[in-house]
Amino acid sequence: MSLKQYLATMIIATLLCWTAWVFVLLNVDPFYANALGFSFFYLGLFLSLVGTFSTGLFFAYRFFSGRDWPLFKFVRRSFNEATVLSGFLVFSLFLRGQGYLNFWNGIILTAIFVLAISLEFSLKFPVFNNDRERI
């Protein structure tokens, strides 16, 4: 898959996810919704955020990085970071919706998020593949 195909697919899928999330937002009543309605809400939001952050981070890394890496490394790095960031935001929203997110829980959750991002930056060997070169 070429980079143009990847970006076109990612942008189209992200737009479809945002459309589906808005559809769920407008048509699901949170007072009468079951677990399936909330699952669609959180899953749609997660996928939408992953696509948006991944595309935005890819362009930021590609155009503002002074390094001359292969493009797949920018794609992999942006997708990994977008997944962690989206998971953090959606999990925070879920906890807030359940009434469990307070100041202290927010600090702990933020610390876990910072540690996860720091771990990703500090690993010598990437977790998701076998190559020996670190970004």
# chains A, B, ... in the order shown; residues from 1 in each chain; ligands from 1

call {"tool": "select_by_dssp", "arguments": {"residues": "chain A", "states": "alpha helix (DSSP H)", "output": "MDAnalysis selection string"}}
result
chainID A and resid 3:27 35:64 71:98 103:122

call {"tool": "residues_around", "arguments": {"residues": "Phe74 (chain A)", "least_positions_apart": "4", "cutoff": "7 Å", "atoms": "only C-alpha atoms", "output": "mmCIF file with N, CA and C atoms, in the first residue's frame"}}
result
data_model
loop_
_atom_site.group_PDB
_atom_site.id
_atom_site.type_symbol
_atom_site.label_atom_id
_atom_site.label_comp_id
_atom_site.auth_asym_id
_atom_site.auth_seq_id
_atom_site.Cartn_x
_atom_site.Cartn_y
_atom_site.Cartn_z
ATOM 1 N N PHE A 58 0.946 12.301 11.908
ATOM 2 C CA PHE A 58 1.789 11.933 10.772
ATOM 3 C C PHE A 58 2.267 13.170 10.018
ATOM 4 N N TYR A 61 4.815 15.068 12.177
ATOM 5 C CA TYR A 61 6.127 14.428 12.199
ATOM 6 C C TYR A 61 6.822 14.538 10.845
ATOM 7 N N ARG A 62 6.069 14.368 9.795
ATOM 8 C CA ARG A 62 6.666 14.363 8.458
ATOM 9 C C ARG A 62 7.217 15.732 8.084
ATOM 10 N N SER A 78 3.086 7.644 14.613
ATOM 11 C CA SER A 78 1.883 8.466 14.786
ATOM 12 C C SER A 78 0.676 7.605 15.142
#

call {"tool": "residues_around", "arguments": {"residues": "Cys17 (chain A)", "least_positions_apart": "4", "cutoff": "8 Å", "atoms": "only C-alpha atoms", "output": "list in words"}}
result
Ala13, Trp21, Gly44, Leu45, Leu47 and Ser48 of chain A

call {"tool": "write_last_selection", "arguments": {"atoms": "N, CA and C atoms", "output": "PDB file, in the first residue's frame"}}
result
ATOM      1  N   ALA A  13     -11.933   6.794   6.193  1.00  0.00           N
ATOM      2  CA  ALA A  13     -12.426   6.022   7.336  1.00  0.00           C
ATOM      3  C   ALA A  13     -12.686   6.923   8.541  1.00  0.00           C
ATOM      4  N   TRP A  21     -20.362   8.483  14.572  1.00  0.00           N
ATOM      5  CA  TRP A  21     -20.420   8.937  15.955  1.00  0.00           C
ATOM      6  C   TRP A  21     -21.475  10.031  16.133  1.00  0.00           C
ATOM      7  N   GLY A  44     -17.143   4.487  18.571  1.00  0.00           N
ATOM      8  CA  GLY A  44     -17.113   5.450  17.477  1.00  0.00           C
ATOM      9  C   GLY A  44     -16.218   6.637  17.788  1.00  0.00           C
ATOM     10  N   LEU A  45     -16.291   7.126  19.008  1.00  0.00           N
ATOM     11  CA  LEU A  45     -15.429   8.235  19.406  1.00  0.00           C
ATOM     12  C   LEU A  45     -13.965   7.814  19.401  1.00  0.00           C
ATOM     13  N   LEU A  47     -12.452   5.394  17.607  1.00  0.00           N
ATOM     14  CA  LEU A  47     -11.960   5.225  16.241  1.00  0.00           C
ATOM     15  C   LEU A  47     -11.823   6.569  15.524  1.00  0.00           C
ATOM     16  N   SER A  48     -12.735   7.474  15.781  1.00  0.00           N
ATOM     17  CA  SER A  48     -12.659   8.807  15.175  1.00  0.00           C
ATOM     18  C   SER A  48     -11.430   9.560  15.659  1.00  0.00           C
TER      19      SER A  48
END

call {"tool": "residues_around", "arguments": {"residues": "Phe41 (chain A)", "least_positions_apart": "6", "cutoff": "12 Å", "atoms": "only C-alpha atoms", "output": "PyMOL selection string"}}
result
chain A and resi 17-30+33-35+47-48+90+93-94+97

call {"tool": "atom_distance", "arguments": {"atom1": "CA of Ser54 (chain A)", "atom2": "CA of Val75 (chain A)"}}
result
7.7 Å

call {"tool": "closest_residue", "arguments": {"among": "A:Ala111, A:Ala60, A:Asp68, A:Ala116", "to": "Asn80 (chain A)", "atoms": "only C-alpha atoms"}}
result
A:Ala116

call {"tool": "residues_around", "arguments": {"residues": "Thr110 (chain A)", "least_positions_apart": "2", "cutoff": "12 Å", "atoms": "only C-alpha atoms", "output": "ChimeraX atom specification"}}
result
/A:84-85,87-89,91-92,101-108,112-117

call {"tool": "write_last_selection", "arguments": {"atoms": "N, CA and C atoms", "output": "PDB file, in the first residue's frame"}}
result
ATOM      1  N   VAL A  84      -2.773   5.519  21.898  1.00  0.00           N
ATOM      2  CA  VAL A  84      -2.638   5.739  23.340  1.00  0.00           C
ATOM      3  C   VAL A  84      -3.385   7.007  23.763  1.00  0.00           C
ATOM      4  N   LEU A  85      -3.235   8.085  23.014  1.00  0.00           N
ATOM      5  CA  LEU A  85      -3.902   9.340  23.345  1.00  0.00           C
ATOM      6  C   LEU A  85      -5.425   9.201  23.279  1.00  0.00           C
ATOM      7  N   GLY A  87      -7.155   6.402  23.575  1.00  0.00           N
ATOM      8  CA  GLY A  87      -7.563   5.542  24.684  1.00  0.00           C
ATOM      9  C   GLY A  87      -7.639   6.305  25.987  1.00  0.00           C
ATOM     10  N   PHE A  88      -6.662   7.184  26.219  1.00  0.00           N
ATOM     11  CA  PHE A  88      -6.665   8.016  27.426  1.00  0.00           C
ATOM     12  C   PHE A  88      -7.894   8.915  27.468  1.00  0.00           C
ATOM     13  N   LEU A  89      -8.194   9.581  26.369  1.00  0.00           N
ATOM     14  CA  LEU A  89      -9.327  10.505  26.346  1.00  0.00           C
ATOM     15  C   LEU A  89     -10.660   9.783  26.494  1.00  0.00           C
ATOM     16  N   PHE A  91     -11.197   6.750  27.788  1.00  0.00           N
ATOM     17  CA  PHE A  91     -11.299   6.153  29.118  1.00  0.00           C
ATOM     18  C   PHE A  91     -11.612   7.222  30.162  1.00  0.00           C
ATOM     19  N   SER A  92     -11.017   8.397  30.023  1.00  0.00           N
ATOM     20  CA  SER A  92     -11.334   9.498  30.936  1.00  0.00           C
ATOM     21  C   SER A  92     -12.801   9.895  30.819  1.00  0.00           C
ATOM     22  N   LEU A 101     -14.497   9.625  37.957  1.00  0.00           N
ATOM     23  CA  LEU A 101     -13.341  10.482  37.716  1.00  0.00           C
ATOM     24  C   LEU A 101     -13.404  11.690  38.648  1.00  0.00           C
ATOM     25  N   ASN A 102     -12.458  11.743  39.571  1.00  0.00           N
ATOM     26  CA  ASN A 102     -12.310  12.907  40.423  1.00  0.00           C
ATOM     27  C   ASN A 102     -10.869  13.395  40.293  1.00  0.00           C
ATOM     28  N   PHE A 103     -10.483  14.324  41.128  1.00  0.00           N
ATOM     29  CA  PHE A 103      -9.158  14.925  41.007  1.00  0.00           C
ATOM     30  C   PHE A 103      -8.044  13.893  41.157  1.00  0.00           C
ATOM     31  N   TRP A 104      -8.136  13.050  42.183  1.00  0.00           N
ATOM     32  CA  TRP A 104      -7.059  12.092  42.450  1.00  0.00           C
ATOM     33  C   TRP A 104      -7.008  10.989  41.408  1.00  0.00           C
ATOM     34  N   ASN A 105      -8.143  10.512  40.988  1.00  0.00           N
ATOM     35  CA  ASN A 105      -8.155   9.507  39.926  1.00  0.00           C
ATOM     36  C   ASN A 105      -7.626  10.091  38.616  1.00  0.00           C
ATOM     37  N   GLY A 106      -7.930  11.372  38.378  1.00  0.00           N
ATOM     38  CA  GLY A 106      -7.416  12.032  37.180  1.00  0.00           C
ATOM     39  C   GLY A 106      -5.906  12.150  37.189  1.00  0.00           C
ATOM     40  N   ILE A 107      -5.343  12.423  38.371  1.00  0.00           N
ATOM     41  CA  ILE A 107      -3.884  12.501  38.485  1.00  0.00           C
ATOM     42  C   ILE A 107      -3.255  11.129  38.227  1.00  0.00           C
ATOM     43  N   ILE A 108      -3.839  10.089  38.795  1.00  0.00           N
ATOM     44  CA  ILE A 108      -3.314   8.739  38.581  1.00  0.00           C
ATOM     45  C   ILE A 108      -3.431   8.339  37.114  1.00  0.00           C
ATOM     46  N   ILE A 112      -0.350   7.494  34.518  1.00  0.00           N
ATOM     47  CA  ILE A 112      -0.261   6.261  33.722  1.00  0.00           C
ATOM     48  C   ILE A 112      -0.095   6.595  32.250  1.00  0.00           C
ATOM     49  N   PHE A 113      -0.816   7.594  31.766  1.00  0.00           N
ATOM     50  CA  PHE A 113      -0.694   8.018  30.373  1.00  0.00           C
ATOM     51  C   PHE A 113       0.711   8.528  30.079  1.00  0.00           C
ATOM     52  N   VAL A 114       1.246   9.373  30.952  1.00  0.00           N
ATOM     53  CA  VAL A 114       2.594   9.905  30.760  1.00  0.00           C
ATOM     54  C   VAL A 114       3.628   8.781  30.792  1.00  0.00           C
ATOM     55  N   LEU A 115       3.456   7.818  31.680  1.00  0.00           N
ATOM     56  CA  LEU A 115       4.372   6.687  31.733  1.00  0.00           C
ATOM     57  C   LEU A 115       4.291   5.826  30.473  1.00  0.00           C
ATOM     58  N   ALA A 116       3.089   5.641  29.937  1.00  0.00           N
ATOM     59  CA  ALA A 116       2.939   4.857  28.707  1.00  0.00           C
ATOM     60  C   ALA A 116       3.625   5.547  27.530  1.00  0.00           C
ATOM     61  N   ILE A 117       3.457   6.853  27.413  1.00  0.00           N
ATOM     62  CA  ILE A 117       4.125   7.590  26.337  1.00  0.00           C
ATOM     63  C   ILE A 117       5.631   7.585  26.551  1.00  0.00           C
TER      64      ILE A 117
END

call {"tool": "decode", "arguments": {"residues": "region 11-28 of chain A", "atoms": "N, CA, C and O atoms", "output": "compact mmCIF listing (two decimals), in the first residue's frame"}}
result
# COMPACT_ATOMS: atom_id res chain seq x y z
N ILE A 11 -8.19 8.94 5.94
CA ILE A 11 -9.04 10.13 5.97
C ILE A 11 -10.50 9.76 5.72
O ILE A 11 -11.40 10.24 6.43
N ILE A 12 -10.75 8.90 4.75
CA ILE A 12 -12.13 8.50 4.44
C ILE A 12 -12.73 7.72 5.61
O ILE A 12 -13.87 7.95 6.02
N ALA A 13 -11.93 6.79 6.19
CA ALA A 13 -12.43 6.02 7.34
C ALA A 13 -12.69 6.92 8.54
O ALA A 13 -13.67 6.73 9.27
N THR A 14 -11.83 7.91 8.74
CA THR A 14 -12.03 8.85 9.85
C THR A 14 -13.30 9.66 9.66
O THR A 14 -14.07 9.85 10.61
N LEU A 15 -13.53 10.12 8.45
CA LEU A 15 -14.77 10.87 8.18
C LEU A 15 -16.00 10.00 8.38
O LEU A 15 -17.02 10.47 8.93
N LEU A 16 -15.92 8.74 7.98
CA LEU A 16 -17.04 7.83 8.20
C LEU A 16 -17.26 7.57 9.69
O LEU A 16 -18.40 7.49 10.16
N CYS A 17 -16.18 7.45 10.44
CA CYS A 17 -16.30 7.24 11.89
C CYS A 17 -16.90 8.46 12.57
O CYS A 17 -17.73 8.32 13.48
N TRP A 18 -16.48 9.66 12.17
CA TRP A 18 -17.07 10.87 12.75
C TRP A 18 -18.56 10.96 12.40
O TRP A 18 -19.38 11.34 13.24
N THR A 19 -18.91 10.59 11.18
CA THR A 19 -20.32 10.60 10.77
C THR A 19 -21.13 9.60 11.60
O THR A 19 -22.23 9.92 12.06
N ALA A 20 -20.58 8.41 11.79
CA ALA A 20 -21.27 7.40 12.59
C ALA A 20 -21.40 7.85 14.04
O ALA A 20 -22.44 7.63 14.67
N TRP A 21 -20.36 8.48 14.57
CA TRP A 21 -20.42 8.94 15.95
C TRP A 21 -21.47 10.03 16.13
O TRP A 21 -22.22 10.03 17.11
N VAL A 22 -21.55 10.96 15.19
CA VAL A 22 -22.57 12.02 15.26
C VAL A 22 -23.97 11.40 15.13
O VAL A 22 -24.90 11.81 15.82
N PHE A 23 -24.09 10.38 14.27
CA PHE A 23 -25.37 9.69 14.13
C PHE A 23 -25.78 9.05 15.46
O PHE A 23 -26.94 9.15 15.88
N VAL A 24 -24.84 8.39 16.13
CA VAL A 24 -25.12 7.79 17.44
C VAL A 24 -25.45 8.88 18.46
O VAL A 24 -26.38 8.75 19.26
N LEU A 25 -24.71 9.97 18.42
CA LEU A 25 -24.92 11.07 19.36
C LEU A 25 -26.31 11.67 19.23
O LEU A 25 -26.95 12.00 20.23
N LEU A 26 -26.79 11.78 18.00
CA LEU A 26 -28.10 12.40 17.77
C LEU A 26 -29.26 11.43 17.96
O LEU A 26 -30.38 11.88 18.24
N ASN A 27 -29.04 10.13 17.82
CA ASN A 27 -30.16 9.18 17.82
C ASN A 27 -30.24 8.27 19.03
O ASN A 27 -31.22 7.55 19.18
N VAL A 28 -29.24 8.27 19.89
CA VAL A 28 -29.28 7.41 21.07
C VAL A 28 -29.57 8.28 22.28
O VAL A 28 -28.84 9.22 22.58
